[in-house]
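Written below as structure tokens is the structure these notes are about.
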Amino acid sequence: DDKGLVQLAGERPANLIIVPLDEHVLFPGMTLPMVLGSQKSREAIEFAMSQGPLIGLVPRVEPVGEGEPAPPLPEELLDMGVIARVLKILNLPDGNRSAVVECQTRFRIEKFVRKEPFLIAKVDYPPDTYDDTIENKALWRATRMSLQELFKEIPGLPEGFNIAAANLEGPAQLTDFVAAHIDLKREDRLELLKGTRVEERLRMVAEALTRELELARLAGRIREEIREKVEKTQRD
């Protein structure tokens with residue numbers, strides 16, 4: 001009986017219904033719609049809605065190719081994911097369904113206890129660790145400043161984005177925010193999701209922010225050069 005495998009009480013159940021992610025890598029703090037493309041995903045979400053409604057979102061280790069992917073085997077999934085609350089289910093015009101999910105915290109898969117009709121896993125919740133040293137404080141401050149500088153270089157950024165960034169409570173939240181919103185290689189996203197040592201995640205996102213800031217400044221100079229050329233042409 002599936003219901004006997006899913007602990008109903010608490011915000012961190014011992015067992016979770018697992019919904020595989022073919023391409024995306026999600027992080028705590030994200031709220032977004034997620035198209036339920038496969039029948040198994042729809043069945044898993046619908047069952048979770050009747051129980052909690054908490055699910056585990058776990059990315060594939062390797063991204064899928066073109067065409068509709070086959071359901072992944074347990075060994076094809078990362079052993080880390082994010083627990084998410086299903087806020088609502090939406091019917092789409094093309095006949096598909098979409099789930100709006102709120103990602104909350106990391107979990108680790110200990111073992112799979114059910115594979116059909118959908119995956120159910122026994123999980124634990126490894127805590128983040130952070131050494132509160134002067135060096136790490138400096139790294140946290142430098143990373144936060146780089147993020148603020150990047151915002152200044154990006155025109156038309158939604159105000160809500162700046163507000164969310166300004167209210168990040170600590171280095172762990174900062175790393176998840178950057179991982180969720182900055183352009184990163186998929187393998188880097190997987191490493192950031194797997195990592196529970198916050199200072200290691202900070203170093204990764206600090207490097208990513210430095211690269212993005214350099215690109216944004218270069219793009220800004222190019223835009224300014226083009227604007228000056230257009231204005232000169234118009235005057236002539």
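Convention: chains lettered A, B, ... in structure tokens order; per-chain residue numbering from 1; ligands numbered from 1 as shown.
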
Checklist entry - Residues at most 12 Å from Gln39 (chain A), counting only C-alpha atoms, excluding those fewer than 6 positions away in the same chain, as JSON, numbers by chain? => result {"A": [19, 45, 46, 68, 69, 70, 71, 96, 97, 117, 118]}

Item to check | DSSP strand (DSSP E) residues within region 16-233 of chain A, as a PyMOL selection string | outcome: chain A and resi 16-21+31-36+54-59+80-91+97-114+119-124

Would you export the selected residues with N, CA and C atoms as a short mmCIF file (atom, residue, chain, number, x, y, z; two decimals), in the first residue's frame, please?
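That gives us part-v4.cif:
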```cif
data_model
loop_
_atom_site.label_atom_id
_atom_site.label_comp_id
_atom_site.auth_asym_id
_atom_site.auth_seq_id
_atom_site.Cartn_x
_atom_site.Cartn_y
_atom_site.Cartn_z
N LEU A 16 9.53 9.89 0.59
CA LEU A 16 9.03 10.90 -0.36
C LEU A 16 8.70 10.26 -1.69
N ILE A 17 7.63 10.74 -2.30
CA ILE A 17 7.34 10.43 -3.69
C ILE A 17 8.32 11.22 -4.55
N ILE A 18 9.06 10.53 -5.41
CA ILE A 18 10.11 11.16 -6.20
C ILE A 18 9.60 11.46 -7.61
N VAL A 19 9.75 12.72 -8.01
CA VAL A 19 9.42 13.14 -9.38
C VAL A 19 10.74 13.48 -10.06
N PRO A 20 11.17 12.69 -11.06
CA PRO A 20 12.43 12.96 -11.75
C PRO A 20 12.34 14.22 -12.61
N LEU A 21 13.46 14.93 -12.70
CA LEU A 21 13.58 16.10 -13.56
C LEU A 21 14.53 15.77 -14.70
N THR A 31 10.18 29.09 -6.53
CA THR A 31 8.76 28.80 -6.73
C THR A 31 8.48 28.97 -8.21
N LEU A 32 7.96 27.92 -8.83
CA LEU A 32 7.82 27.95 -10.29
C LEU A 32 6.81 26.92 -10.75
N PRO A 33 6.23 27.13 -11.96
CA PRO A 33 5.38 26.10 -12.57
C PRO A 33 6.23 25.03 -13.23
N MET A 34 5.77 23.80 -13.18
CA MET A 34 6.52 22.67 -13.74
C MET A 34 5.55 21.82 -14.55
N VAL A 35 5.80 21.75 -15.87
CA VAL A 35 4.92 20.97 -16.74
C VAL A 35 5.09 19.49 -16.44
N LEU A 36 3.96 18.80 -16.27
CA LEU A 36 3.97 17.36 -15.99
C LEU A 36 3.82 16.63 -17.31
N LEU A 54 3.66 17.01 -0.28
CA LEU A 54 5.10 17.20 -0.46
C LEU A 54 5.64 16.15 -1.43
N ILE A 55 6.57 16.58 -2.28
CA ILE A 55 7.20 15.68 -3.24
C ILE A 55 8.70 15.91 -3.21
N GLY A 56 9.45 14.96 -3.77
CA GLY A 56 10.88 15.14 -3.93
C GLY A 56 11.21 15.32 -5.40
N LEU A 57 11.88 16.40 -5.74
CA LEU A 57 12.27 16.69 -7.12
C LEU A 57 13.75 16.37 -7.27
N VAL A 58 14.06 15.41 -8.15
CA VAL A 58 15.42 14.90 -8.27
C VAL A 58 15.85 14.93 -9.74
N PRO A 59 16.97 15.58 -10.06
CA PRO A 59 17.41 15.63 -11.46
C PRO A 59 18.09 14.34 -11.90
N MET A 80 20.72 13.42 -4.56
CA MET A 80 20.24 14.59 -3.83
C MET A 80 19.14 15.26 -4.62
N GLY A 81 18.21 15.88 -3.90
CA GLY A 81 17.13 16.62 -4.54
C GLY A 81 16.60 17.68 -3.61
N VAL A 82 15.47 18.27 -3.98
CA VAL A 82 14.82 19.25 -3.10
C VAL A 82 13.40 18.79 -2.81
N ILE A 83 13.02 18.93 -1.55
CA ILE A 83 11.63 18.67 -1.19
C ILE A 83 10.82 19.91 -1.57
N ALA A 84 9.64 19.69 -2.14
CA ALA A 84 8.83 20.81 -2.62
C ALA A 84 7.37 20.61 -2.23
N ARG A 85 6.72 21.71 -1.96
CA ARG A 85 5.28 21.70 -1.69
C ARG A 85 4.54 22.02 -2.98
N VAL A 86 3.56 21.20 -3.32
CA VAL A 86 2.73 21.46 -4.50
C VAL A 86 1.65 22.47 -4.10
N LEU A 87 1.71 23.65 -4.68
CA LEU A 87 0.77 24.71 -4.32
C LEU A 87 -0.54 24.60 -5.07
N LYS A 88 -0.46 24.25 -6.37
CA LYS A 88 -1.69 24.08 -7.16
C LYS A 88 -1.37 23.32 -8.43
N ILE A 89 -2.40 22.76 -9.02
CA ILE A 89 -2.31 22.07 -10.30
C ILE A 89 -3.10 22.87 -11.33
N LEU A 90 -2.50 23.12 -12.49
CA LEU A 90 -3.14 23.90 -13.55
C LEU A 90 -3.33 23.04 -14.78
N ASN A 91 -4.48 23.18 -15.43
CA ASN A 91 -4.73 22.53 -16.72
C ASN A 91 -4.27 23.47 -17.83
N ARG A 97 -0.74 19.12 -17.96
CA ARG A 97 -1.00 19.74 -16.67
C ARG A 97 0.30 20.31 -16.12
N SER A 98 0.17 21.34 -15.31
CA SER A 98 1.33 22.00 -14.73
C SER A 98 1.14 22.08 -13.22
N ALA A 99 2.21 21.84 -12.48
CA ALA A 99 2.17 21.95 -11.03
C ALA A 99 3.01 23.15 -10.60
N VAL A 100 2.45 24.02 -9.78
CA VAL A 100 3.21 25.12 -9.19
C VAL A 100 3.82 24.61 -7.90
N VAL A 101 5.15 24.61 -7.83
CA VAL A 101 5.85 24.01 -6.68
C VAL A 101 6.69 25.06 -5.97
N GLU A 102 6.82 24.87 -4.66
CA GLU A 102 7.65 25.73 -3.81
C GLU A 102 8.76 24.87 -3.23
N CYS A 103 9.98 25.07 -3.71
CA CYS A 103 11.11 24.24 -3.27
C CYS A 103 11.59 24.71 -1.90
N GLN A 104 11.84 23.75 -1.00
CA GLN A 104 12.09 24.12 0.39
C GLN A 104 13.48 23.78 0.90
N THR A 105 13.90 22.53 0.82
CA THR A 105 15.20 22.17 1.39
C THR A 105 15.76 20.95 0.69
N ARG A 106 17.06 20.74 0.83
CA ARG A 106 17.71 19.57 0.24
C ARG A 106 17.36 18.30 1.01
N PHE A 107 17.38 17.18 0.29
CA PHE A 107 17.32 15.88 0.93
C PHE A 107 18.23 14.92 0.18
N ARG A 108 18.58 13.84 0.85
CA ARG A 108 19.42 12.80 0.24
C ARG A 108 18.63 11.50 0.20
N ILE A 109 18.72 10.81 -0.92
CA ILE A 109 18.05 9.51 -1.06
C ILE A 109 18.90 8.44 -0.38
N GLU A 110 18.30 7.73 0.57
CA GLU A 110 18.98 6.60 1.20
C GLU A 110 18.77 5.32 0.39
N LYS A 111 17.52 5.07 0.01
CA LYS A 111 17.21 3.91 -0.82
C LYS A 111 15.80 4.08 -1.37
N PHE A 112 15.53 3.36 -2.46
CA PHE A 112 14.19 3.37 -3.03
C PHE A 112 13.39 2.21 -2.43
N VAL A 113 12.20 2.53 -1.97
CA VAL A 113 11.35 1.51 -1.35
C VAL A 113 10.20 1.10 -2.27
N ARG A 114 10.01 1.82 -3.36
CA ARG A 114 8.96 1.48 -4.33
C ARG A 114 9.36 2.04 -5.69
N LEU A 119 8.11 6.29 -8.24
CA LEU A 119 9.21 6.11 -7.30
C LEU A 119 8.87 6.66 -5.92
N ILE A 120 9.17 5.89 -4.89
CA ILE A 120 9.09 6.35 -3.51
C ILE A 120 10.42 6.00 -2.85
N ALA A 121 11.03 6.96 -2.14
CA ALA A 121 12.35 6.76 -1.56
C ALA A 121 12.35 7.09 -0.08
N LYS A 122 13.16 6.35 0.65
CA LYS A 122 13.47 6.71 2.04
C LYS A 122 14.57 7.76 1.98
N VAL A 123 14.39 8.87 2.70
CA VAL A 123 15.30 10.00 2.57
C VAL A 123 15.77 10.48 3.93
N ASP A 124 16.88 11.23 3.91
CA ASP A 124 17.27 11.99 5.09
C ASP A 124 17.59 13.42 4.66
#
```

Item to check | For Met145 (chain A), the nearest of the candidates A:Val64, A:Leu213, A:Pro74, A:Arg197, counting only C-alpha atoms | outcome: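 Of all the options, A:Leu213 lies closest to Met145 (chain A).
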
Next on the checklist: Between A:Ile226, A:Met204, A:Ile134, A:Leu193, which residue has the minimum interatomic distance to Phe27 (chain A), considering only C-alpha atoms?
Outcome noted: A:Leu193

Checklist entry - Which is closest to Leu215 (chain A) among A:Val25, A:Leu78, A:Leu192, A:Leu150, if we use only C-alpha atoms? => result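 Going through A:Val25, A:Leu78, A:Leu192, A:Leu150 one by one, the smallest distance to Leu215 (chain A) is for A:Leu150.
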
Checklist entry - If you run DSSP on the backbone, which residues of region 121-196 of chain A are alpha helix (DSSP H), as number ranges by chain? => result A: 134-153, 159-166, 171-181, 186-194

Next on the checklist: With distances taken over only C-alpha atoms, which residue among A:Gly29, A:Gly95, A:Pro13, A:Gly170 lies nearest Leu202 (chain A)?
Outcome noted: A:Gly170

Item to check | Two-atom distance - CA of Trp140 (chain A), CA of Asn162 (chain A) (Å) | outcome: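 These atoms are spaced 17.7 Å apart.
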
Checklist entry - So which residues touch Thr196 (chain A) within 7 Å, counting only C-alpha atoms, skipping near sequence neighbours fewer than 6 positions away, as a list in words? => result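 So, after excluding close chain neighbours, the residues are Pro127, Asp128 and Thr129 of chain A.
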
Keeping C-alpha atoms, export the residues of the selection given above as an mmCIF file, in the first residue's frame.
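Output (out_30.cif):
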```cif
data_model
loop_
_atom_site.group_PDB
_atom_site.id
_atom_site.type_symbol
_atom_site.label_atom_id
_atom_site.label_comp_id
_atom_site.auth_asym_id
_atom_site.auth_seq_id
_atom_site.Cartn_x
_atom_site.Cartn_y
_atom_site.Cartn_z
ATOM 1 C CA PRO A 127 22.275 19.910 7.261
ATOM 2 C CA ASP A 128 24.341 22.640 5.684
ATOM 3 C CA THR A 129 27.707 23.196 7.369
#
```

Checklist entry - Any idea what's packed within 9 Å of Pro63 (chain A), counting only C-alpha atoms, ignoring anything in its chain fewer than 6 positions away? Could you give it as a ChimeraX atom specification? => result /A:22-24,186

For Asn136 (chain A), work out the shell of residues within 10 Å, counting only C-alpha atoms and skipping chain neighbours fewer than 5 positions away, then give it as a PDB file with N, CA and C atoms, in the first residue's frame.
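Everything below was put into out.pdb:
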```pdb
ATOM      1  N   TYR A 130      28.865  25.259   7.828  1.00  0.00           N
ATOM      2  CA  TYR A 130      29.520  26.518   7.482  1.00  0.00           C
ATOM      3  C   TYR A 130      30.472  26.895   8.600  1.00  0.00           C
ATOM      4  N   ASP A 131      31.761  27.046   8.266  1.00  0.00           N
ATOM      5  CA  ASP A 131      32.755  27.493   9.239  1.00  0.00           C
ATOM      6  C   ASP A 131      32.755  29.017   9.261  1.00  0.00           C
ATOM      7  N   ARG A 141      30.825  38.336   1.997  1.00  0.00           N
ATOM      8  CA  ARG A 141      30.628  39.757   1.703  1.00  0.00           C
ATOM      9  C   ARG A 141      30.983  40.077   0.261  1.00  0.00           C
ATOM     10  N   ALA A 142      32.105  39.525  -0.233  1.00  0.00           N
ATOM     11  CA  ALA A 142      32.523  39.782  -1.605  1.00  0.00           C
ATOM     12  C   ALA A 142      31.504  39.229  -2.605  1.00  0.00           C
ATOM     13  N   PRO A 171      24.732  33.136   3.859  1.00  0.00           N
ATOM     14  CA  PRO A 171      25.473  32.603   2.714  1.00  0.00           C
ATOM     15  C   PRO A 171      24.811  31.400   2.055  1.00  0.00           C
ATOM     16  N   VAL A 198      28.764  25.010   2.831  1.00  0.00           N
ATOM     17  CA  VAL A 198      28.347  26.292   2.254  1.00  0.00           C
ATOM     18  C   VAL A 198      29.528  27.066   1.688  1.00  0.00           C
ATOM     19  N   GLU A 199      30.706  27.004   2.344  1.00  0.00           N
ATOM     20  CA  GLU A 199      31.840  27.773   1.836  1.00  0.00           C
ATOM     21  C   GLU A 199      32.291  27.274   0.465  1.00  0.00           C
ATOM     22  N   GLU A 200      32.147  25.973   0.190  1.00  0.00           N
ATOM     23  CA  GLU A 200      32.483  25.453  -1.129  1.00  0.00           C
ATOM     24  C   GLU A 200      31.488  25.960  -2.180  1.00  0.00           C
ATOM     25  N   LEU A 202      29.883  28.756  -1.894  1.00  0.00           N
ATOM     26  CA  LEU A 202      30.170  30.183  -2.027  1.00  0.00           C
ATOM     27  C   LEU A 202      31.281  30.439  -3.038  1.00  0.00           C
ATOM     28  N   ARG A 203      32.336  29.623  -2.987  1.00  0.00           N
ATOM     29  CA  ARG A 203      33.443  29.815  -3.923  1.00  0.00           C
ATOM     30  C   ARG A 203      32.973  29.605  -5.360  1.00  0.00           C
TER      31      ARG A 203
END
```

Item to check | Residues near His181 (chain A), cut-off 10 Å, only C-alpha atoms, skip fewer than 5 positions along chain, as JSON, numbers by chain | outcome: {"A": [27, 30, 161, 176]}
